[in-house]
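Heads up: the structure comes next, in structure tokens.
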Amino acid sequence: MWILAGRSWWRGRALAAWVTGAACRVLPRPRPSRCRGAAADSRNLDRLYSSAESKEKVDMSRFPVENIRNFGIIAHVDHGKSTLADRLLELTGTIDKTKNNKQVLDKLQVERERGITVKAQTTSLFYNCEGKQYLLNLIDTPGIQAQTVANFFLAFEAQLSVIPVINKIDLKNADPASVEKQIEKMFDIPSNECIKISAKLGTNVESVLQAIIERIPPPKVHRKNPLRALVFDSTFDQYRGVIANVALFDGMVSKGDKIVSAHTQKTYEVNEVGVLNPNEQPTPKLYAGQVGYLIAGMKDVTEAQIGDTLYLHKQPVEPLPGFKSAKPMVFAGMYPVDQSEYNNLKSAIEKLTLNDSSVTVHRDSSLALGAGWRLGFLGLLHMEVFNQRLEQEYNASVILTTPTVPYKAVLSSAKLIKEYREKEITIINPAQFPDKSKVTEYLEPVVLGTIITPNEYTGKIMMLCQARRAIQKNMVFIDQNRVMLKYVFPLNEIVVDFYDSLKSLSSGYASFDYEDAGYQTADLVKMDILLNGNTVEELVTVVHKDKAYSIGKAICERLKDSLPRQLFEIAIQASIGSKIIARETVKAYRKNVLAKCYGGDITRKMKLLKRQAEGKKKMRKVGNVEVPKDAFIKVLKTQSDK
């Protein structure tokens with residue numbers, strides 16, 4: 001787990017937690033701190049900041065820039081980020097300490113159900129240390145599915161302050177000494193800089209707060225300059241409109257100010273400003289270096305673009321750089337079950353993408369499914385969570401097609417190049433995958449994957465990687481018990497269920513991390529799935545030619561298990577072009593028409609069976625086969641790797 005923060009303003013953002021199982025021994029009780037939070041100071045000396053009765057009395061001008069710290073918690077999924085955030089809220093007196101404090105900042109239903117953070121949450125903590133009041137602006141980030149190491153190096157390149165935190169030292173098999181050595185060897189961070197904690201029990205968590213104050217520099221801002229605020233998140237309220245989360249780099253903002261969006265050039269009047277503590281707490285003003293929310297009568301979700309710069313009317317400033325656009329790794333088609341719900345679904349997608357700018361949206365259409373969208377996600381978990389939020393928060397029922405990755409094709413003729421206006425095209429929809437006769441070569445995305453595993457699982461994991469067409473680049477023993485493997489993977493081979501297979505083979509001990517490594521040439525083919533001779537557009541996929549038969553057979557078998565039986569036979573086929581490469585059959589429900597025949601001539605029985613067969617054949621021609629929604633992900637699981 002990393003806690004990150006930097007020298008320039010919004011670079012100050014990350015407290016990282018490294019959870020790989022920590023101590024076998026109980027840590028000694030920490031020495032009494034001169035810094036106070038929670039019960040001691042925040043409830044007595046600083047009742048002004050934590051009392052519900054006096055929230056509106058908070059004067060943000062009492063926090064000079066040198067007493068502000070901005071940080072975020074960055075860690076892998078299920079490494080205790082939200083639990084650590086809960087303890088920090090308790091220690092600073094932001095919330096009362098009770099047994100019910102679990103995932104306090106996780107407010108979505110999907111977050112509660114899955115036990116993970118889906119949407120980044122911001123909160124301002126008021127903390128007294130050595131007689132000084134500090135303002136700590138925390139971001140509890142979503143869990144990183146498989147890019148913790150890559151994010152560390154991004155933070156390192158951006159010159160952010162990094163505080164390594166080893167969490168879950170209360171676990172029976174925890175080994176913090178070994179984790180410290182791994183961190184020192186992999187990241188060149190001295191072991192004495194690591195903070196060992198148990199966020200669940202609250203052990204040594206106060207040391208994290210002290211480290212934030214001591215190691216993280218205050219933001220570099222200028223309060224005398226004109227207002228310059230960055231919109232880094234937003235939510236939509238049907239009564240108040242868009243609520244924008246802002247970080248102030250320069251100047252100040254207060255209720256009644258007229259502000260302008262650098263993106264839309266529209267002017268708004270500020271209705272309310274405040275901080276999140278963790279709920280909305282109005283304040284008279286917000287000053288440079290502080291983080292809060294702003295309501296200015298924005299009624300359209302497109303008006304609050306993440307990365308936009310806000311400034312005072314008639315006081316234009318140079319827009320802030322904003323954020324680098326996230327690169328989608330997985331694409332899927334999304335269509336309403338009923339086309340009459342198209343506009344409602346469109347509105348729901350717009351509101352969700354308002355505060356999740358990493359989702360890309362392109363309009364799409366299908367002969368079978370009608371009008372819809374082709375959406376880009378950071379990974380399969382991201383896609384599943386987005387779909388679940390649509391269902392829970394907007395009561396939207398959708399059809400989600402097979403997830404795929406962006407391929408490229410190098411066109412072969414000048415006519416095609418003129419038609420597409422470029423020689424190398426990107427394909428995000430498998431249904432539009434060009435025929436081999438039209439291209440010189442196909443290219444598939446690849447990633448550099450890093451696997452850290454106990455020694456005893458190395459053989460099984462290497463076999464798994466070879467089955468996924470991976471090329472080994474390096475193998476290093478980081479200590480006596482663990483090995484680090486580096487492979488170049490085709491992205492399509494890991495995007496669906498590689499992580500699940502890896503965890504299964506290693507009994508949950510192996511970790512996986514990857515980063516983009518460009519494209520490589522590949523022998524690819526488009527595979528169609530047919531039900532009674534009709535192509536199921538949702539299940540069209542692009543596969544490597546060498547694995548087409550095994551993948552096609554696996555999909556047909558899983559589809560057979562997922563489809564409900566009908567009164568007629570269902571033929572499930574996988575085809576490449578006109579060639580059928582795999583087939584499964586779902587047998588029909590069948591009435592016993594011979595039940596009342598007791599003996600007699602065999603021709604009477606044959607006549608009854610023939611009549612039944614003709615009826616089934618006729619029904620098969622007119623009958624429709626409906627594919628259950630959950631089948632689209634289920635059929636892709638390549639369980640044969642286990």
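Residues in the structure tokens are named by chain (A, B, ... in the order shown) and by number from 1 within that chain; ligands are numbered from 1 in the order shown.
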Per DSSP on the backbone, filter segment 83-268 of chain A down to the residues in strand (DSSP E or B) and report them as a PyMOL selection string. chain A and resi 121-129+132-140+144+160-166+195-196+198+203+222+228-237+241-250+252-254+258-261+267-268
At a cut-off of 8 Å, using only C-alpha atoms, what residues contact segment 331-340 of chain A? Leave out same-chain residues fewer than 6 positions from it and give the result as an MDAnalysis selection string. chainID A and resid 364 369:377 396:406 428:429 538
I'd like the contact shell of segment 289-303 of chain A - 8 Å cut-off, only C-alpha atoms, skipping same-chain residues fewer than 5 positions apart - returned as a tab-separated table (two decimals) with all heavy atoms, in the first residue's frame.
```tsv
chain	number	residue	atom	x	y	z
A	9	TRP	N	1.11	20.99	-6.41
A	9	TRP	CA	-0.12	20.84	-5.65
A	9	TRP	C	-0.80	19.49	-5.75
A	9	TRP	O	-0.73	18.67	-4.88
A	9	TRP	CB	-1.13	21.94	-5.99
A	9	TRP	CG	-2.14	21.91	-4.95
A	9	TRP	CD1	-2.07	22.51	-3.75
A	9	TRP	CD2	-3.32	21.14	-4.93
A	9	TRP	NE1	-3.14	22.19	-2.98
A	9	TRP	CE2	-3.92	21.35	-3.67
A	9	TRP	CE3	-3.93	20.28	-5.83
A	9	TRP	CZ2	-5.11	20.76	-3.32
A	9	TRP	CZ3	-5.10	19.71	-5.47
A	9	TRP	CH2	-5.68	19.94	-4.23
A	65	VAL	N	-1.38	27.57	4.14
A	65	VAL	CA	-0.92	26.58	3.17
A	65	VAL	C	0.07	25.61	3.79
A	65	VAL	O	0.03	24.40	3.52
A	65	VAL	CB	-0.29	27.27	1.94
A	65	VAL	CG1	0.31	26.24	0.99
A	65	VAL	CG2	-1.32	28.11	1.20
A	68	ILE	N	-1.36	22.36	5.32
A	68	ILE	CA	-2.23	21.53	4.47
A	68	ILE	C	-1.41	20.37	3.91
A	68	ILE	O	-0.27	20.55	3.47
A	68	ILE	CB	-2.85	22.35	3.33
A	68	ILE	CG1	-3.74	23.47	3.89
A	68	ILE	CG2	-3.66	21.46	2.39
A	68	ILE	CD1	-4.32	24.38	2.83
A	124	SER	N	-12.01	15.72	3.93
A	124	SER	CA	-11.06	16.62	4.60
A	124	SER	C	-11.03	16.27	6.08
A	124	SER	O	-12.07	16.18	6.73
A	124	SER	CB	-11.48	18.08	4.41
A	124	SER	OG	-11.43	18.43	3.03
A	137	ASN	N	-6.24	16.46	3.34
A	137	ASN	CA	-7.19	16.13	2.27
A	137	ASN	C	-6.88	14.74	1.74
A	137	ASN	O	-5.83	14.51	1.14
A	137	ASN	CB	-7.10	17.17	1.15
A	137	ASN	CG	-7.53	18.54	1.61
A	137	ASN	OD1	-8.54	18.69	2.29
A	137	ASN	ND2	-6.76	19.57	1.27
A	219	PRO	N	1.20	21.92	-0.33
A	219	PRO	CA	1.03	22.23	-1.76
A	219	PRO	C	1.65	23.57	-2.13
A	219	PRO	O	1.73	24.49	-1.29
A	219	PRO	CB	-0.49	22.26	-1.92
A	219	PRO	CG	-1.01	22.57	-0.56
A	219	PRO	CD	-0.07	21.92	0.41
A	220	LYS	N	2.10	23.67	-3.36
A	220	LYS	CA	2.65	24.93	-3.87
A	220	LYS	C	1.54	25.68	-4.59
A	220	LYS	O	1.20	25.36	-5.74
A	220	LYS	CB	3.83	24.67	-4.81
A	220	LYS	CG	5.09	24.23	-4.09
A	220	LYS	CD	6.28	24.19	-5.03
A	220	LYS	CE	7.57	23.86	-4.30
A	220	LYS	NZ	8.74	23.85	-5.19
A	221	VAL	N	0.95	26.66	-3.92
A	221	VAL	CA	-0.17	27.41	-4.47
A	221	VAL	C	0.03	28.90	-4.16
A	221	VAL	O	0.92	29.28	-3.39
A	221	VAL	CB	-1.51	26.93	-3.87
A	221	VAL	CG1	-1.79	25.49	-4.28
A	221	VAL	CG2	-1.50	27.04	-2.35
A	236	PHE	N	-24.11	13.87	-9.67
A	236	PHE	CA	-25.31	14.54	-10.16
A	236	PHE	C	-26.43	14.37	-9.16
A	236	PHE	O	-26.73	13.26	-8.72
A	236	PHE	CB	-25.73	13.96	-11.52
A	236	PHE	CG	-26.89	14.70	-12.15
A	236	PHE	CD1	-26.67	15.87	-12.84
A	236	PHE	CD2	-28.19	14.23	-12.02
A	236	PHE	CE1	-27.74	16.57	-13.41
A	236	PHE	CE2	-29.25	14.91	-12.59
A	236	PHE	CZ	-29.03	16.08	-13.29
A	240	ARG	N	-30.29	19.60	-7.18
A	240	ARG	CA	-29.31	20.69	-7.18
A	240	ARG	C	-28.42	20.70	-8.42
A	240	ARG	O	-27.60	21.61	-8.57
A	240	ARG	CB	-28.44	20.58	-5.93
A	240	ARG	CG	-29.23	20.74	-4.63
A	240	ARG	CD	-28.30	20.79	-3.43
A	240	ARG	NE	-27.64	19.51	-3.21
A	240	ARG	CZ	-26.68	19.32	-2.32
A	240	ARG	NH1	-26.23	20.35	-1.61
A	240	ARG	NH2	-26.14	18.13	-2.15
A	241	GLY	N	-28.56	19.70	-9.28
A	241	GLY	CA	-27.73	19.65	-10.47
A	241	GLY	C	-26.39	19.01	-10.21
A	241	GLY	O	-26.24	18.15	-9.34
A	242	VAL	N	-25.37	19.45	-10.94
A	242	VAL	CA	-24.04	18.86	-10.83
A	242	VAL	C	-23.31	19.41	-9.61
A	242	VAL	O	-23.27	20.62	-9.38
A	242	VAL	CB	-23.21	19.15	-12.10
A	242	VAL	CG1	-21.79	18.63	-11.94
A	242	VAL	CG2	-23.86	18.53	-13.32
A	243	ILE	N	-22.76	18.50	-8.81
A	243	ILE	CA	-21.93	18.88	-7.66
A	243	ILE	C	-20.49	18.56	-8.05
A	243	ILE	O	-20.12	17.39	-8.19
A	243	ILE	CB	-22.33	18.10	-6.39
A	243	ILE	CG1	-23.81	18.36	-6.07
A	243	ILE	CG2	-21.45	18.51	-5.22
A	243	ILE	CD1	-24.34	17.50	-4.94
A	244	ALA	N	-19.69	19.60	-8.25
A	244	ALA	CA	-18.31	19.42	-8.73
A	244	ALA	C	-17.34	19.40	-7.56
A	244	ALA	O	-17.38	20.27	-6.69
A	244	ALA	CB	-17.95	20.53	-9.70
A	245	ASN	N	-16.47	18.39	-7.53
A	245	ASN	CA	-15.37	18.35	-6.57
A	245	ASN	C	-14.19	19.09	-7.17
A	245	ASN	O	-13.76	18.77	-8.29
A	245	ASN	CB	-14.98	16.91	-6.24
A	245	ASN	CG	-16.02	16.20	-5.40
A	245	ASN	OD1	-17.08	16.76	-5.11
A	245	ASN	ND2	-15.75	14.97	-5.03
A	246	VAL	N	-13.67	20.07	-6.44
A	246	VAL	CA	-12.64	20.94	-7.01
A	246	VAL	C	-11.42	20.99	-6.10
A	246	VAL	O	-11.52	20.85	-4.88
A	246	VAL	CB	-13.18	22.37	-7.24
A	246	VAL	CG1	-14.25	22.38	-8.31
A	246	VAL	CG2	-13.71	22.98	-5.95
A	247	ALA	N	-10.29	21.21	-6.72
A	247	ALA	CA	-9.03	21.45	-6.02
A	247	ALA	C	-8.54	22.83	-6.44
A	247	ALA	O	-8.39	23.10	-7.63
A	247	ALA	CB	-8.00	20.38	-6.39
A	248	LEU	N	-8.33	23.71	-5.46
A	248	LEU	CA	-7.95	25.08	-5.76
A	248	LEU	C	-6.43	25.22	-5.83
A	248	LEU	O	-5.73	24.93	-4.87
A	248	LEU	CB	-8.52	26.04	-4.70
A	248	LEU	CG	-9.94	26.56	-4.96
A	248	LEU	CD1	-10.94	25.42	-4.87
A	248	LEU	CD2	-10.30	27.67	-3.98
A	249	PHE	N	-5.95	25.68	-6.98
A	249	PHE	CA	-4.52	25.91	-7.18
A	249	PHE	C	-4.14	27.36	-6.87
A	249	PHE	O	-3.04	27.63	-6.41
A	249	PHE	CB	-4.12	25.57	-8.62
A	249	PHE	CG	-3.99	24.10	-8.88
A	249	PHE	CD1	-5.11	23.28	-8.97
A	249	PHE	CD2	-2.75	23.51	-9.02
A	249	PHE	CE1	-4.99	21.93	-9.19
A	249	PHE	CE2	-2.62	22.16	-9.24
A	249	PHE	CZ	-3.75	21.36	-9.33
A	250	ASP	N	-5.05	28.27	-7.18
A	250	ASP	CA	-4.80	29.70	-6.94
A	250	ASP	C	-6.09	30.36	-6.48
A	250	ASP	O	-7.20	29.91	-6.80
A	250	ASP	CB	-4.31	30.39	-8.22
A	250	ASP	CG	-2.95	29.89	-8.70
A	250	ASP	OD1	-2.05	29.77	-7.86
A	250	ASP	OD2	-2.82	29.60	-9.89
A	264	THR	N	-16.27	24.84	-21.55
A	264	THR	CA	-17.50	25.22	-22.27
A	264	THR	C	-17.64	26.72	-22.46
A	264	THR	O	-18.49	27.16	-23.24
A	264	THR	CB	-18.73	24.72	-21.49
A	264	THR	OG1	-18.79	25.38	-20.21
A	264	THR	CG2	-18.67	23.21	-21.27
A	268	TYR	N	-21.36	30.75	-14.65
A	268	TYR	CA	-22.27	30.27	-13.61
A	268	TYR	C	-22.09	31.13	-12.36
A	268	TYR	O	-21.05	31.74	-12.14
A	268	TYR	CB	-21.96	28.82	-13.24
A	268	TYR	CG	-21.93	27.86	-14.40
A	268	TYR	CD1	-20.71	27.58	-15.04
A	268	TYR	CD2	-23.07	27.24	-14.87
A	268	TYR	CE1	-20.66	26.70	-16.11
A	268	TYR	CE2	-23.03	26.36	-15.93
A	268	TYR	CZ	-21.83	26.10	-16.55
A	268	TYR	OH	-21.78	25.22	-17.61
A	269	GLU	N	-23.13	31.14	-11.53
A	269	GLU	CA	-23.05	31.79	-10.23
A	269	GLU	C	-22.96	30.71	-9.15
A	269	GLU	O	-23.78	29.78	-9.13
A	269	GLU	CB	-24.26	32.68	-9.97
A	269	GLU	CG	-24.16	33.42	-8.64
A	269	GLU	CD	-25.29	34.42	-8.43
A	269	GLU	OE1	-25.90	34.85	-9.44
A	269	GLU	OE2	-25.56	34.77	-7.27
A	270	VAL	N	-21.99	30.84	-8.28
A	270	VAL	CA	-21.77	29.83	-7.25
A	270	VAL	C	-22.88	29.91	-6.20
A	270	VAL	O	-23.10	30.96	-5.59
A	270	VAL	CB	-20.40	30.03	-6.58
A	270	VAL	CG1	-20.18	29.00	-5.47
A	270	VAL	CG2	-19.27	29.92	-7.62
A	271	ASN	N	-23.58	28.80	-5.99
A	271	ASN	CA	-24.66	28.74	-5.01
A	271	ASN	C	-24.18	28.26	-3.64
A	271	ASN	O	-24.75	28.61	-2.61
A	271	ASN	CB	-25.78	27.81	-5.49
A	271	ASN	CG	-26.39	28.28	-6.80
A	271	ASN	OD1	-26.50	29.48	-7.03
A	271	ASN	ND2	-26.76	27.35	-7.67
A	272	GLU	N	-23.14	27.41	-3.65
A	272	GLU	CA	-22.66	26.83	-2.40
A	272	GLU	C	-21.25	26.29	-2.58
A	272	GLU	O	-20.92	25.74	-3.62
A	272	GLU	CB	-23.60	25.70	-1.95
A	272	GLU	CG	-23.25	25.07	-0.61
A	272	GLU	CD	-24.19	23.94	-0.24
A	272	GLU	OE1	-25.41	24.04	-0.54
A	272	GLU	OE2	-23.72	22.94	0.35
A	273	VAL	N	-20.42	26.50	-1.56
A	273	VAL	CA	-19.10	25.87	-1.52
A	273	VAL	C	-18.94	25.21	-0.16
A	273	VAL	O	-19.62	25.58	0.81
A	273	VAL	CB	-17.94	26.87	-1.77
A	273	VAL	CG1	-18.00	27.45	-3.15
A	273	VAL	CG2	-17.94	27.96	-0.70
A	274	GLY	N	-18.05	24.26	-0.09
A	274	GLY	CA	-17.83	23.59	1.19
A	274	GLY	C	-16.79	22.50	1.08
A	274	GLY	O	-16.16	22.31	0.03
A	275	VAL	N	-16.62	21.77	2.19
A	275	VAL	CA	-15.69	20.65	2.23
A	275	VAL	C	-16.48	19.38	2.52
A	275	VAL	O	-17.62	19.43	2.97
A	275	VAL	CB	-14.59	20.85	3.29
A	275	VAL	CG1	-13.70	22.02	2.92
A	275	VAL	CG2	-15.20	21.03	4.68
A	276	LEU	N	-15.86	18.25	2.26
A	276	LEU	CA	-16.47	16.94	2.54
A	276	LEU	C	-15.82	16.40	3.81
A	276	LEU	O	-14.61	16.20	3.84
A	276	LEU	CB	-16.25	15.99	1.36
A	276	LEU	CG	-16.91	16.46	0.05
A	276	LEU	CD1	-16.40	15.65	-1.13
A	276	LEU	CD2	-18.42	16.36	0.14
A	280	GLU	N	-21.15	16.54	3.04
A	280	GLU	CA	-21.04	17.93	2.62
A	280	GLU	C	-21.17	18.86	3.82
A	280	GLU	O	-22.11	18.76	4.60
A	280	GLU	CB	-22.10	18.26	1.57
A	280	GLU	CG	-21.90	17.52	0.26
A	280	GLU	CD	-23.06	17.73	-0.69
A	280	GLU	OE1	-23.96	18.52	-0.36
A	280	GLU	OE2	-23.07	17.08	-1.76
A	350	GLU	N	-24.72	8.61	-19.49
A	350	GLU	CA	-24.12	9.94	-19.41
A	350	GLU	C	-23.85	10.34	-17.97
A	350	GLU	O	-22.81	10.91	-17.64
A	350	GLU	CB	-25.05	10.97	-20.08
A	350	GLU	CG	-25.06	10.89	-21.59
A	350	GLU	CD	-26.04	11.88	-22.21
A	350	GLU	OE1	-26.87	12.44	-21.45
A	350	GLU	OE2	-26.01	12.09	-23.43
A	351	LYS	N	-24.80	10.01	-17.07
A	351	LYS	CA	-24.62	10.38	-15.67
A	351	LYS	C	-23.52	9.55	-15.01
A	351	LYS	O	-22.78	10.06	-14.16
A	351	LYS	CB	-25.94	10.22	-14.92
A	351	LYS	CG	-26.99	11.26	-15.33
A	351	LYS	CD	-28.34	11.00	-14.68
A	351	LYS	CE	-29.36	12.02	-15.15
A	351	LYS	NZ	-30.72	11.74	-14.62
A	354	LEU	N	-20.11	10.70	-16.16
A	354	LEU	CA	-19.78	12.03	-15.65
A	354	LEU	C	-18.67	11.93	-14.61
A	354	LEU	O	-17.72	12.73	-14.61
A	354	LEU	CB	-21.03	12.68	-15.04
A	354	LEU	CG	-20.80	13.96	-14.22
A	354	LEU	CD1	-20.35	15.08	-15.14
A	354	LEU	CD2	-22.06	14.36	-13.48
```
Could you please determine the separation between atom CA of Ala548 of chain A and atom CA of Cys465 of chain A in Å, to one decimal place?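 Computed distance, atom CA of Ala548 of chain A to atom CA of Cys465 of chain A, equals 17.8 Å.
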Using only C-alpha atoms, find the one residue out of A:Lys285, A:Lys255, A:His263, A:Arg87 that sits nearest to Phe63 of chain A. A:Lys285
Can you pull out the residues contacting Ala517 of chain A? Cut-off 10 Å, using only C-alpha atoms, and skip same-chain residues under 4 positions away; I want them as a PyMOL selection string. chain A and resi 445-449+488-491
Compile the contact shell of segment 528-536 of chain A as an mmCIF file with all heavy atoms, in the first residue's frame: residues with an atom at most 6 Å away, counting only C-alpha atoms, same-chain residues fewer than 5 positions apart removed.
```cif
data_model
loop_
_atom_site.group_PDB
_atom_site.id
_atom_site.type_symbol
_atom_site.label_atom_id
_atom_site.label_comp_id
_atom_site.auth_asym_id
_atom_site.auth_seq_id
_atom_site.Cartn_x
_atom_site.Cartn_y
_atom_site.Cartn_z
ATOM 1 N N ILE A 570 -31.700 -27.285 -30.113
ATOM 2 C CA ILE A 570 -30.882 -26.101 -30.398
ATOM 3 C C ILE A 570 -29.479 -26.556 -30.776
ATOM 4 O O ILE A 570 -28.803 -27.235 -29.995
ATOM 5 C CB ILE A 570 -30.800 -25.165 -29.181
ATOM 6 C CG1 ILE A 570 -32.193 -24.751 -28.724
ATOM 7 C CG2 ILE A 570 -29.961 -23.934 -29.509
ATOM 8 C CD1 ILE A 570 -32.190 -23.942 -27.436
ATOM 9 N N ALA A 571 -29.056 -26.190 -31.982
ATOM 10 C CA ALA A 571 -27.700 -26.492 -32.441
ATOM 11 C C ALA A 571 -26.803 -25.295 -32.156
ATOM 12 O O ALA A 571 -27.073 -24.182 -32.615
ATOM 13 C CB ALA A 571 -27.704 -26.804 -33.932
ATOM 14 N N ILE A 572 -25.753 -25.513 -31.374
ATOM 15 C CA ILE A 572 -24.788 -24.453 -31.041
ATOM 16 C C ILE A 572 -23.515 -24.738 -31.815
ATOM 17 O O ILE A 572 -22.913 -25.802 -31.667
ATOM 18 C CB ILE A 572 -24.494 -24.433 -29.534
ATOM 19 C CG1 ILE A 572 -25.789 -24.331 -28.731
ATOM 20 C CG2 ILE A 572 -23.552 -23.291 -29.184
ATOM 21 C CD1 ILE A 572 -25.597 -24.563 -27.244
ATOM 22 N N GLN A 573 -23.097 -23.783 -32.654
ATOM 23 C CA GLN A 573 -21.937 -24.007 -33.521
ATOM 24 C C GLN A 573 -20.966 -22.833 -33.436
ATOM 25 O O GLN A 573 -21.373 -21.679 -33.272
ATOM 26 C CB GLN A 573 -22.383 -24.190 -34.975
ATOM 27 C CG GLN A 573 -23.291 -25.390 -35.193
ATOM 28 C CD GLN A 573 -23.915 -25.372 -36.566
ATOM 29 O OE1 GLN A 573 -24.475 -24.362 -36.981
ATOM 30 N NE2 GLN A 573 -23.811 -26.491 -37.282
ATOM 31 N N ALA A 574 -19.683 -23.146 -33.556
ATOM 32 C CA ALA A 574 -18.639 -22.125 -33.687
ATOM 33 C C ALA A 574 -18.086 -22.231 -35.102
ATOM 34 O O ALA A 574 -17.767 -23.328 -35.570
ATOM 35 C CB ALA A 574 -17.535 -22.350 -32.665
ATOM 36 N N SER A 575 -17.997 -21.097 -35.783
ATOM 37 C CA SER A 575 -17.553 -21.135 -37.178
ATOM 38 C C SER A 575 -16.523 -20.049 -37.452
ATOM 39 O O SER A 575 -16.538 -18.976 -36.840
ATOM 40 C CB SER A 575 -18.745 -20.957 -38.122
ATOM 41 O OG SER A 575 -19.232 -19.628 -38.068
#
```
Write out as a PyMOL selection string all residues of segment 321-538 of chain A that DSSP puts in alpha helix (DSSP H) for this structure's backbone. chain A and resi 342-354+380-394+414-420+458-467+491-494+498-505
So that I can check the surroundings of Leu380 of chain A, please list as a ChimeraX atom specification every protein, DNA and RNA residue that reaches within 8 Å of it, counting only C-alpha atoms and ignoring chain neighbours fewer than 5 positions away. /A:330,403,495-496
A:Phe386, A:Phe187, A:Phe126, A:Tyr514: which is nearest Arg62 of chain A, counting only C-alpha atoms?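 Nearest to Arg62 of chain A: A:Phe126.
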